[in-house]
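The data block below is my_file17.cif; it holds mmCIF, C-alpha atoms.
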```
data_query
#
loop_
_atom_site.label_atom_id
_atom_site.label_comp_id
_atom_site.auth_asym_id
_atom_site.auth_seq_id
_atom_site.Cartn_x
_atom_site.Cartn_y
_atom_site.Cartn_z
CA MET A 1 1.91 -31.42 8.67
CA SER A 2 2.21 -30.09 5.14
CA VAL A 3 -0.39 -28.14 3.21
CA LYS A 4 -0.79 -29.27 -0.40
CA THR A 5 -4.42 -28.32 -1.14
CA VAL A 6 -6.18 -25.12 -0.10
CA LEU A 7 -9.95 -25.05 -0.61
CA VAL A 8 -11.86 -21.79 -0.95
CA PRO A 9 -15.67 -21.79 -1.41
CA LEU A 10 -16.99 -19.13 -3.82
CA VAL A 11 -20.66 -18.18 -3.39
CA GLY A 12 -21.08 -16.07 -6.50
CA SER A 13 -23.47 -13.57 -4.89
CA ASP A 14 -21.14 -11.73 -2.53
CA HIS A 15 -18.32 -10.26 -4.61
CA THR A 16 -16.44 -8.63 -1.72
CA CYS A 17 -16.47 -11.72 0.47
CA ASP A 18 -15.53 -14.04 -2.41
CA THR A 19 -12.68 -11.73 -3.44
CA THR A 20 -11.33 -11.58 0.11
CA ALA A 21 -11.44 -15.37 0.49
CA LEU A 22 -9.91 -16.11 -2.93
CA ASP A 23 -7.11 -13.54 -2.58
CA SER A 24 -6.29 -14.88 0.89
CA ALA A 25 -6.29 -18.50 -0.29
CA LEU A 26 -3.92 -17.65 -3.14
CA THR A 27 -1.60 -15.77 -0.78
CA VAL A 28 -1.44 -18.72 1.61
CA ALA A 29 -0.96 -21.20 -1.22
CA SER A 30 1.88 -19.15 -2.68
CA ARG A 31 3.67 -19.16 0.67
CA LEU A 32 3.13 -22.89 1.24
CA LYS A 33 3.55 -23.97 -2.40
CA ALA A 34 0.10 -25.56 -2.40
CA TYR A 35 -2.69 -26.10 -4.90
CA VAL A 36 -5.89 -24.06 -4.73
CA ASP A 37 -9.34 -25.44 -5.46
CA ALA A 38 -12.00 -22.72 -5.80
CA LEU A 39 -15.27 -24.52 -5.12
CA HIS A 40 -18.59 -23.19 -6.42
CA VAL A 41 -21.72 -25.12 -5.51
CA ARG A 42 -24.69 -24.67 -7.84
CA LEU A 43 -27.98 -25.06 -6.02
CA ASP A 44 -30.39 -27.52 -7.63
CA PRO A 45 -33.26 -25.31 -8.92
CA ARG A 46 -35.75 -28.08 -8.17
CA SER A 47 -34.98 -27.71 -4.47
CA ALA A 48 -36.62 -24.27 -4.58
CA ALA A 49 -39.98 -25.98 -5.06
CA ALA A 50 -39.70 -27.37 -1.53
CA PHE A 51 -40.13 -23.87 -0.12
CA VAL A 52 -43.30 -22.88 -1.98
CA GLY A 53 -46.52 -22.70 0.00
CA GLU A 54 -49.62 -24.82 -0.30
CA GLY A 55 -52.09 -23.90 -2.97
CA MET A 56 -49.43 -23.01 -5.54
CA THR A 57 -50.35 -23.97 -9.07
CA SER A 58 -48.01 -25.96 -11.25
CA ALA A 59 -47.40 -22.84 -13.33
CA MET A 60 -46.37 -20.90 -10.23
CA ILE A 61 -44.05 -23.71 -9.13
CA GLU A 62 -42.44 -23.80 -12.58
CA SER A 63 -41.96 -20.05 -12.36
CA VAL A 64 -40.18 -20.41 -9.00
CA ILE A 65 -37.91 -23.13 -10.39
CA ASP A 66 -37.16 -21.00 -13.47
CA MET A 67 -36.17 -18.04 -11.27
CA ALA A 68 -33.96 -20.32 -9.18
CA GLU A 69 -32.31 -21.64 -12.34
CA LYS A 70 -31.54 -18.11 -13.55
CA ASP A 71 -30.15 -17.16 -10.15
CA SER A 72 -27.98 -20.28 -10.10
CA ARG A 73 -26.56 -19.52 -13.55
CA ALA A 74 -25.88 -15.90 -12.56
CA ARG A 75 -24.04 -16.91 -9.38
CA ARG A 76 -21.98 -19.48 -11.24
CA GLN A 77 -20.97 -16.91 -13.87
CA THR A 78 -20.10 -14.33 -11.22
CA ALA A 79 -17.90 -16.82 -9.37
CA LEU A 80 -16.20 -17.93 -12.59
CA ASN A 81 -15.60 -14.34 -13.75
CA LEU A 82 -13.96 -13.51 -10.42
CA PHE A 83 -11.83 -16.65 -10.59
CA ASN A 84 -10.67 -15.90 -14.14
CA LYS A 85 -9.96 -12.23 -13.42
CA THR A 86 -7.99 -13.06 -10.28
CA THR A 87 -5.96 -15.92 -11.71
CA GLU A 88 -4.87 -13.84 -14.71
CA LYS A 89 -2.57 -11.95 -12.32
CA LEU A 90 -1.02 -14.96 -10.63
CA ASP A 91 2.71 -15.30 -10.25
CA LYS A 92 4.57 -18.27 -11.66
CA ALA A 93 4.61 -20.04 -8.29
CA LEU A 94 0.93 -20.91 -8.72
CA ASP A 95 0.96 -21.51 -12.47
CA GLY A 96 -1.14 -24.60 -13.21
CA LYS A 97 -1.95 -25.15 -9.52
CA VAL A 98 -5.28 -23.31 -9.33
CA ASN A 99 -8.57 -24.98 -10.28
CA PHE A 100 -12.20 -23.91 -10.54
CA VAL A 101 -14.37 -26.76 -9.27
CA GLU A 102 -18.14 -26.97 -9.81
CA ARG A 103 -20.58 -29.16 -7.95
CA GLN A 104 -24.36 -29.17 -7.61
CA GLY A 105 -26.31 -29.63 -4.39
CA ASN A 106 -26.54 -28.12 -0.93
CA ARG A 107 -23.57 -25.89 -0.11
CA GLU A 108 -22.92 -27.31 3.33
CA ASP A 109 -23.28 -30.94 2.21
CA VAL A 110 -20.93 -30.51 -0.77
CA LEU A 111 -18.41 -28.67 1.38
CA LEU A 112 -18.35 -31.53 3.87
CA ASN A 113 -17.63 -34.14 1.23
CA TYR A 114 -15.12 -32.11 -0.77
CA GLY A 115 -13.51 -30.39 2.22
CA ARG A 116 -12.47 -33.62 3.91
CA LEU A 117 -9.89 -34.19 1.18
CA CYS A 118 -8.09 -30.87 1.44
CA ASP A 119 -5.50 -29.56 3.90
CA LEU A 120 -6.90 -26.11 4.64
CA ILE A 121 -10.22 -24.32 4.05
CA VAL A 122 -10.23 -20.53 3.66
CA VAL A 123 -13.48 -18.68 4.38
CA CYS A 124 -14.32 -14.97 4.63
CA LYS A 125 -16.60 -14.12 7.54
CA ASN A 126 -17.36 -10.55 6.45
CA ALA A 127 -20.39 -11.46 4.34
CA ASN A 128 -23.19 -9.11 3.33
CA GLU A 129 -26.79 -9.52 4.41
CA GLU A 130 -27.68 -11.47 1.26
CA ASN A 131 -25.20 -14.19 2.14
CA THR A 132 -27.03 -15.28 5.30
CA SER A 133 -25.78 -18.86 5.05
CA ASN A 134 -22.12 -17.86 5.46
CA GLU A 135 -22.11 -18.58 9.20
CA MET A 136 -23.52 -22.05 8.52
CA VAL A 137 -20.76 -22.69 5.97
CA ILE A 138 -18.07 -21.67 8.47
CA ASN A 139 -19.50 -23.91 11.19
CA ALA A 140 -19.97 -26.80 8.77
CA ALA A 141 -16.33 -26.49 7.73
CA LEU A 142 -15.17 -26.32 11.35
CA LEU A 143 -17.35 -29.01 12.87
CA GLU A 144 -17.83 -31.55 10.09
CA THR A 145 -14.80 -31.68 7.78
CA GLY A 146 -12.08 -32.41 10.33
CA ARG A 147 -9.92 -29.88 8.50
CA PRO A 148 -8.40 -26.61 9.76
CA VAL A 149 -10.26 -23.47 8.70
CA LEU A 150 -8.65 -20.08 8.11
CA VAL A 151 -11.27 -17.41 8.77
CA VAL A 152 -10.40 -13.97 7.37
CA ASP A 153 -12.02 -10.58 7.79
CA SER A 154 -10.02 -8.86 5.03
CA PRO A 155 -7.46 -10.04 2.45
CA ILE A 156 -4.28 -11.20 4.18
CA THR A 157 -0.97 -9.75 3.09
CA LYS A 158 2.06 -11.61 1.80
CA GLU A 159 3.81 -10.91 5.12
CA PHE A 160 1.14 -12.70 7.17
CA GLY A 161 2.11 -14.94 10.05
CA LYS A 162 5.34 -13.23 11.11
CA ASN A 163 4.03 -12.68 14.62
CA VAL A 164 1.66 -15.48 15.63
CA ALA A 165 -0.42 -15.76 18.80
CA VAL A 166 -1.56 -19.28 19.74
CA ILE A 167 -4.44 -19.71 22.18
CA TRP A 168 -3.56 -22.76 24.27
CA ASN A 169 -5.94 -24.40 26.75
CA GLY A 170 -4.65 -27.98 26.70
CA SER A 171 -7.61 -29.30 24.72
CA ALA A 172 -7.49 -31.78 21.86
CA GLU A 173 -8.78 -29.03 19.58
CA SER A 174 -5.94 -26.70 20.59
CA SER A 175 -3.46 -29.49 19.95
CA ARG A 176 -4.88 -30.07 16.47
CA ALA A 177 -4.76 -26.36 15.73
CA ILE A 178 -1.06 -26.18 16.64
CA THR A 179 -0.26 -29.24 14.52
CA HIS A 180 -2.13 -27.87 11.50
CA ALA A 181 -0.43 -24.50 11.93
CA LEU A 182 3.14 -25.88 12.01
CA PRO A 183 3.99 -24.80 8.42
CA ILE A 184 3.07 -21.22 9.35
CA LEU A 185 4.62 -21.31 12.82
CA LYS A 186 7.95 -22.52 11.40
CA ASP A 187 8.09 -19.43 9.18
CA ALA A 188 7.16 -16.98 11.96
CA ASP A 189 9.59 -14.55 13.60
CA LYS A 190 7.69 -14.68 16.90
CA VAL A 191 5.28 -17.21 18.43
CA THR A 192 3.44 -16.53 21.68
CA LEU A 193 1.22 -19.00 23.54
CA ILE A 194 -1.63 -17.27 25.35
CA CYS A 195 -3.28 -19.23 28.16
CA ALA A 196 -6.50 -18.02 29.77
CA VAL A 197 -6.61 -19.81 33.13
CA ASP A 198 -10.06 -20.05 34.74
CA ASP A 199 -11.23 -21.83 37.86
CA LEU A 200 -11.32 -25.19 36.08
CA ASP A 201 -7.86 -24.87 34.54
CA ASP A 202 -5.55 -24.79 37.55
CA GLU A 203 -3.49 -27.61 36.05
CA LEU A 204 -3.06 -25.86 32.72
CA HIS A 205 0.60 -25.37 31.88
CA SER A 206 2.25 -24.20 28.70
CA GLU A 207 5.68 -25.83 29.18
CA GLU A 208 4.69 -29.01 27.37
CA ALA A 209 3.36 -27.09 24.39
CA ILE A 210 6.54 -25.00 24.24
CA ARG A 211 8.67 -28.17 24.34
CA TYR A 212 6.56 -29.69 21.54
CA LEU A 213 7.15 -26.61 19.37
CA GLU A 214 10.88 -26.59 20.19
CA ARG A 215 11.18 -30.12 18.83
CA HIS A 216 9.75 -28.80 15.58
CA GLY A 217 12.34 -26.04 15.49
CA ILE A 218 9.97 -23.32 16.74
CA ALA A 219 10.97 -21.01 19.60
CA ALA A 220 7.91 -19.85 21.55
CA SER A 221 7.16 -17.89 24.69
CA ALA A 222 4.04 -17.99 26.84
CA CYS A 223 1.86 -15.71 28.93
CA GLU A 224 -1.07 -16.43 31.23
CA ILE A 225 -4.28 -14.47 31.73
CA ARG A 226 -5.91 -14.69 35.15
CA GLY A 227 -8.92 -12.73 36.37
CA SER A 228 -11.49 -11.29 34.01
CA SER A 229 -12.27 -7.90 35.62
CA GLY A 230 -15.74 -8.28 34.17
CA ARG A 231 -14.49 -8.90 30.61
CA THR A 232 -15.17 -12.00 28.55
CA THR A 233 -12.46 -14.58 27.97
CA ALA A 234 -12.53 -13.88 24.24
CA ASP A 235 -12.05 -10.15 24.86
CA LEU A 236 -9.06 -10.85 27.11
CA LEU A 237 -7.49 -13.17 24.54
CA MET A 238 -7.92 -10.69 21.70
CA SER A 239 -6.53 -7.90 23.87
CA GLN A 240 -3.46 -9.97 24.75
CA ALA A 241 -2.89 -10.88 21.11
CA GLU A 242 -2.97 -7.18 20.29
CA LYS A 243 -0.44 -6.45 23.06
CA CYS A 244 1.85 -9.08 21.54
CA GLY A 245 1.59 -7.34 18.17
CA ALA A 246 0.22 -10.51 16.59
CA ASP A 247 -0.80 -10.49 12.94
CA PHE A 248 -2.18 -14.05 12.97
CA LEU A 249 -4.12 -16.14 15.50
CA VAL A 250 -4.23 -19.93 15.99
CA MET A 251 -6.80 -21.63 18.23
CA GLY A 252 -8.93 -24.69 18.78
CA ALA A 253 -12.62 -24.19 17.97
CA TYR A 254 -15.47 -25.06 20.33
CA THR A 255 -13.17 -26.60 22.92
CA ARG A 256 -15.51 -26.18 25.88
CA SER A 257 -18.48 -28.26 26.92
CA ARG A 258 -21.92 -26.66 27.01
CA LEU A 259 -21.67 -26.31 30.79
CA ARG A 260 -18.33 -24.50 30.59
CA ARG A 261 -19.67 -22.23 27.85
CA LEU A 262 -22.57 -21.37 30.15
CA PHE A 263 -20.22 -20.28 32.95
CA PHE A 264 -17.29 -18.85 30.97
CA GLY A 265 -18.83 -17.78 27.67
CA ALA A 266 -18.58 -18.99 24.09
CA VAL A 267 -15.04 -17.98 23.13
CA THR A 268 -15.11 -19.29 19.55
CA GLY A 269 -18.30 -17.48 18.61
CA GLU A 270 -17.13 -14.14 19.98
CA ILE A 271 -13.75 -14.36 18.28
CA LEU A 272 -15.42 -15.27 15.00
CA GLU A 273 -17.64 -12.24 15.38
CA LYS A 274 -15.16 -9.64 16.61
CA CYS A 275 -11.56 -10.63 15.84
CA LYS A 276 -9.97 -8.68 12.97
CA LEU A 277 -6.92 -10.94 12.69
CA PRO A 278 -6.81 -13.96 10.39
CA VAL A 279 -7.73 -16.91 12.62
CA LEU A 280 -6.68 -20.50 11.94
CA MET A 281 -9.13 -22.77 13.76
CA ALA A 282 -9.39 -26.52 14.21
CA HIS A 283 -12.00 -28.64 15.94
#
```

Please, can you express the file's structure as structure tokens?
Amino acid sequence: MSVKTVLVPLVGSDHTCDTTALDSALTVASRLKAYVDALHVRLDPRSAAAFVGEGMTSAMIESVIDMAEKDSRARRQTALNLFNKTTEKLDKALDGKVNFVERQGNREDVLLNYGRLCDLIVVCKNANEENTSNEMVINAALLETGRPVLVVDSPITKEFGKNVAVIWNGSAESSRAITHALPILKDADKVTLICAVDDLDDELHSEEAIRYLERHGIAASACEIRGSSGRTTADLLMSQAEKCGADFLVMGAYTRSRLRRLFFGAVTGEILEKCKLPVLMAH
């Protein structure tokens, strides 16, 4: 796998989150020599009329649409200003390879269509209260685009991915995550496979995954986690990644059935909520 296009959605209302996502996308693209598309989706002001209550006069509806139009213009300008300010400081490696892309419509719908023709989507999860749709954007990117998603909590550094922890559970999603992460894993100094073995995973072994990575020129070690001691699987995985000194995490997203999530917990959701490391996920 090679990464040629990195997509980063810019909301235009959450400056901190947009800055974190854009800076991280540019850092990754510089390492991988990829293009960056900064995508801003302008909401159609007419869609605001769908949320007005019954009994609203035409004048009141027009007022709502006008307010939505002003908000849309303001968000677009904020996103563009951030893009211009950030790209002014770019190094030569990204010269001419960064684009500001505008579309109009529903954020999730546009992301699905545009995101399916990129190699990596970078999203910041640390959104403010105003940006309530951020979780929906992350899940739409994960579940509907078929692309890997890098979820960041804070801007990643240029030295990212030197010590990578890979959560391996033998699932198709875990396999996809490893394949998508190969460009980063090849550049890492240390790669550790972490396997959380529960009662339904007695046949889970890491040797095959290690052999697969070896054939790609990647030396990896593995460790197994057994017994929860009352802790969640996600907590155990994050704790083990910390013990390994990892600065980057790779995992499959939503790999368990609903029944398994009921018994063993929703690992993806908890890691999205609590993990401070950059997490590359694939579904």

Within-10 Å shell of (-24.3, -17.9, -11.3) in input frame, all atoms listed in the file, as a ChimeraX atom specification: /A:11-13,40-43,69-81

Ground truth for the PyMOL selection byres ((chain A and resi 216-224) around 10), written as number ranges by chain: A: 164-168, 182, 185-197, 204-207, 209-215, 225-226, 237, 240, 244

Residue members of the PyMOL selection byres ((chain A and resi 38) around 7) in the file shown, as a PyMOL selection string: chain A and resi 7-10+36-37+39-40+99-101

Explicit residue set for the PyMOL selection byres ((chain A and resi 116-119) around 7), as a list in words: Val3, Lys4, Thr5, Val6, Leu7, Leu112, Asn113, Tyr114, Gly115, Leu120, Thr145, Gly146 and Arg147 of chain A

A:Asp14, A:Glu88, A:Asp44, A:Asp235 ranked by distance to A:Gly269, top pick (using all atoms listed in the file): A:Asp235

Within 10 Å of file point (-2.9, -6.0, 13.6), counting only C-alpha atoms, expressed as an NGL selection string: :A and (163 or 241-248 or 276-278)

Produce a file of the selected residues containing C-alpha atoms, as an mmCIF file, in the frame of the given file.
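Okay, this is what ended up in selection_0.cif:
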```cif
data_model
loop_
_atom_site.group_PDB
_atom_site.id
_atom_site.type_symbol
_atom_site.label_atom_id
_atom_site.label_comp_id
_atom_site.auth_asym_id
_atom_site.auth_seq_id
_atom_site.Cartn_x
_atom_site.Cartn_y
_atom_site.Cartn_z
ATOM 1 C CA ASN A 163 4.030 -12.680 14.620
ATOM 2 C CA ALA A 241 -2.890 -10.880 21.110
ATOM 3 C CA GLU A 242 -2.970 -7.180 20.290
ATOM 4 C CA LYS A 243 -0.440 -6.450 23.060
ATOM 5 C CA CYS A 244 1.850 -9.080 21.540
ATOM 6 C CA GLY A 245 1.590 -7.340 18.170
ATOM 7 C CA ALA A 246 0.220 -10.510 16.590
ATOM 8 C CA ASP A 247 -0.800 -10.490 12.940
ATOM 9 C CA PHE A 248 -2.180 -14.050 12.970
ATOM 10 C CA LYS A 276 -9.970 -8.680 12.970
ATOM 11 C CA LEU A 277 -6.920 -10.940 12.690
ATOM 12 C CA PRO A 278 -6.810 -13.960 10.390
#
```

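When only C-alpha atoms are used to measure the gap to A:Ser30, the shortest distance among A:Met1, A:Leu143, A:Phe160, A:His15 belongs to A:Phe160.
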
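Computed from the coordinates, the atom CA of A:Asn106 to atom CA of A:Asn134 distance equals 12.9 Å.
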
Between atom CA of A:Lys97 and atom CA of A:Leu32, distance in Å (one decimal):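 Taking atom CA of A:Lys97 as the start and atom CA of A:Leu32 as the end point, the length is 12.1 Å.
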
Nearest to A:Pro148, chosen from A:Lys85, A:Arg31, A:His180, A:Arg103, with all atoms listed in the file counted in the distances: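 Closest residue, counting all atoms listed in the file: A:His180.
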
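Residues in contact with A:Ala234 at 10 Å, where all atoms listed in the file are counted and same-chain residues fewer than 5 positions away are skipped, are listed as Ala196, Ser239, Gln240, Phe264, Gly265, Ala266, Val267, Thr268, Gly269, Glu270, Ile271, Leu272, Lys274 and Cys275 of chain A.
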
Distance of atom CA of A:Ser175 from atom CA of A:Thr27, expressed in Å to one decimal place: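 Taking atom CA of A:Thr27 and atom CA of A:Ser175, their separation equals 24.9 Å.
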
Nearest residue to A:Glu159 from the set A:Ile184, A:Glu273, A:Glu62, A:Arg231 (distances using only C-alpha atoms):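 The shortest atom-to-atom distance to A:Glu159 comes from A:Ile184.
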
Among listed residues A:Gly170, A:Cys17, A:Ser2, A:Ala29, nearest A:Asp95 (using only C-alpha atoms): A:Ala29

Save stretch 98-213 of chain A of the structure in the block above to a file, with C-alpha atoms included, as a CSV table (one decimal), in the first residue's frame.
```
chain,number,residue,atom,x,y,z
A,98,VAL,CA,-1.9,20.9,-1.0
A,99,ASN,CA,-5.4,21.8,-2.1
A,100,PHE,CA,-8.5,23.5,-0.5
A,101,VAL,CA,-11.6,21.7,-1.8
A,102,GLU,CA,-15.1,23.1,-1.4
A,103,ARG,CA,-18.3,21.2,-1.7
A,104,GLN,CA,-21.9,21.9,-0.7
A,105,GLY,CA,-24.3,19.5,1.0
A,106,ASN,CA,-24.5,17.3,4.1
A,107,ARG,CA,-21.0,16.8,5.7
A,108,GLU,CA,-21.3,13.0,6.1
A,109,ASP,CA,-22.7,12.4,2.6
A,110,VAL,CA,-20.0,14.5,0.9
A,111,LEU,CA,-17.3,12.9,3.0
A,112,LEU,CA,-18.5,9.4,1.9
A,113,ASN,CA,-18.3,10.3,-1.8
A,114,TYR,CA,-15.1,12.2,-1.7
A,115,GLY,CA,-13.3,10.1,0.9
A,116,ARG,CA,-13.6,6.9,-1.1
A,117,LEU,CA,-11.1,8.2,-3.6
A,118,CYS,CA,-8.3,9.1,-1.1
A,119,ASP,CA,-5.8,6.9,0.7
A,120,LEU,CA,-6.1,8.2,4.3
A,121,ILE,CA,-8.5,10.4,6.2
A,122,VAL,CA,-7.2,12.5,9.1
A,123,VAL,CA,-9.8,13.6,11.7
A,124,CYS,CA,-9.4,15.3,15.1
A,125,LYS,CA,-11.6,13.8,17.8
A,126,ASN,CA,-11.0,16.6,20.4
A,127,ALA,CA,-13.9,18.7,19.2
A,128,ASN,CA,-15.7,21.4,21.3
A,129,GLU,CA,-19.3,21.3,22.3
A,130,GLU,CA,-20.4,23.3,19.2
A,131,ASN,CA,-19.1,20.6,16.9
A,132,THR,CA,-21.5,18.0,18.0
A,133,SER,CA,-21.5,16.2,14.6
A,134,ASN,CA,-17.8,15.3,14.9
A,135,GLU,CA,-18.4,11.8,16.2
A,136,MET,CA,-20.8,11.2,13.3
A,137,VAL,CA,-18.1,12.3,10.8
A,138,ILE,CA,-15.6,9.9,12.4
A,139,ASN,CA,-18.0,7.0,12.2
A,140,ALA,CA,-19.0,7.9,8.7
A,141,ALA,CA,-15.4,7.9,7.6
A,142,LEU,CA,-14.7,4.6,9.4
A,143,LEU,CA,-17.8,2.7,8.4
A,144,GLU,CA,-18.7,4.0,5.0
A,145,THR,CA,-15.6,5.1,3.0
A,146,GLY,CA,-13.6,1.9,3.1
A,147,ARG,CA,-10.6,4.0,3.8
A,148,PRO,CA,-8.2,4.0,6.8
A,149,VAL,CA,-8.8,6.9,9.3
A,150,LEU,CA,-6.2,8.5,11.4
A,151,VAL,CA,-7.8,9.8,14.6
A,152,VAL,CA,-5.7,12.4,16.5
A,153,ASP,CA,-6.2,14.0,19.9
A,154,SER,CA,-3.4,16.6,19.5
A,155,PRO,CA,-1.1,17.5,16.6
A,156,ILE,CA,1.3,14.7,15.8
A,157,THR,CA,5.0,15.4,15.7
A,158,LYS,CA,7.4,14.8,12.9
A,159,GLU,CA,8.9,11.9,14.8
A,160,PHE,CA,5.5,10.0,14.9
A,161,GLY,CA,5.4,6.3,14.3
A,162,LYS,CA,8.8,5.3,15.6
A,163,ASN,CA,7.3,2.9,18.1
A,164,VAL,CA,4.1,1.4,16.9
A,165,ALA,CA,1.7,-0.8,18.7
A,166,VAL,CA,-0.7,-2.9,16.5
A,167,ILE,CA,-3.8,-4.4,18.1
A,168,TRP,CA,-4.2,-7.8,16.4
A,169,ASN,CA,-7.3,-10.1,16.8
A,170,GLY,CA,-7.2,-12.0,13.6
A,171,SER,CA,-10.2,-10.1,12.1
A,172,ALA,CA,-10.5,-8.9,8.6
A,173,GLU,CA,-10.6,-5.3,9.9
A,174,SER,CA,-7.3,-5.9,11.8
A,175,SER,CA,-5.8,-7.3,8.6
A,176,ARG,CA,-6.9,-4.2,6.6
A,177,ALA,CA,-5.5,-1.9,9.3
A,178,ILE,CA,-2.0,-3.6,9.1
A,179,THR,CA,-2.0,-3.4,5.3
A,180,HIS,CA,-3.0,0.3,5.3
A,181,ALA,CA,-0.3,1.0,7.9
A,182,LEU,CA,2.5,-0.6,6.0
A,183,PRO,CA,4.1,2.7,4.9
A,184,ILE,CA,4.3,3.8,8.6
A,185,LEU,CA,5.3,0.4,9.9
A,186,LYS,CA,8.2,0.1,7.5
A,187,ASP,CA,9.6,3.4,8.8
A,188,ALA,CA,9.2,2.4,12.5
A,189,ASP,CA,12.1,1.4,14.8
A,190,LYS,CA,9.9,-0.9,16.8
A,191,VAL,CA,6.6,-2.7,16.1
A,192,THR,CA,4.7,-4.7,18.7
A,193,LEU,CA,1.6,-6.8,18.1
A,194,ILE,CA,-0.8,-6.8,21.1
A,195,CYS,CA,-3.3,-9.6,21.3
A,196,ALA,CA,-6.1,-9.6,23.8
A,197,VAL,CA,-7.2,-13.2,24.1
A,198,ASP,CA,-10.7,-13.7,25.5
A,199,ASP,CA,-12.8,-16.9,25.8
A,200,LEU,CA,-13.7,-16.9,22.2
A,201,ASP,CA,-10.2,-16.4,20.9
A,202,ASP,CA,-8.4,-19.5,22.0
A,203,GLU,CA,-7.2,-20.1,18.4
A,204,LEU,CA,-5.8,-16.6,18.1
A,205,HIS,CA,-2.1,-16.6,17.2
A,206,SER,CA,0.2,-13.8,16.2
A,207,GLU,CA,2.9,-15.9,14.4
A,208,GLU,CA,1.1,-15.5,11.0
A,209,ALA,CA,0.9,-11.8,11.4
A,210,ILE,CA,4.5,-11.5,12.3
A,211,ARG,CA,5.5,-13.6,9.3
A,212,TYR,CA,3.4,-11.4,7.0
A,213,LEU,CA,5.2,-8.3,8.3
```
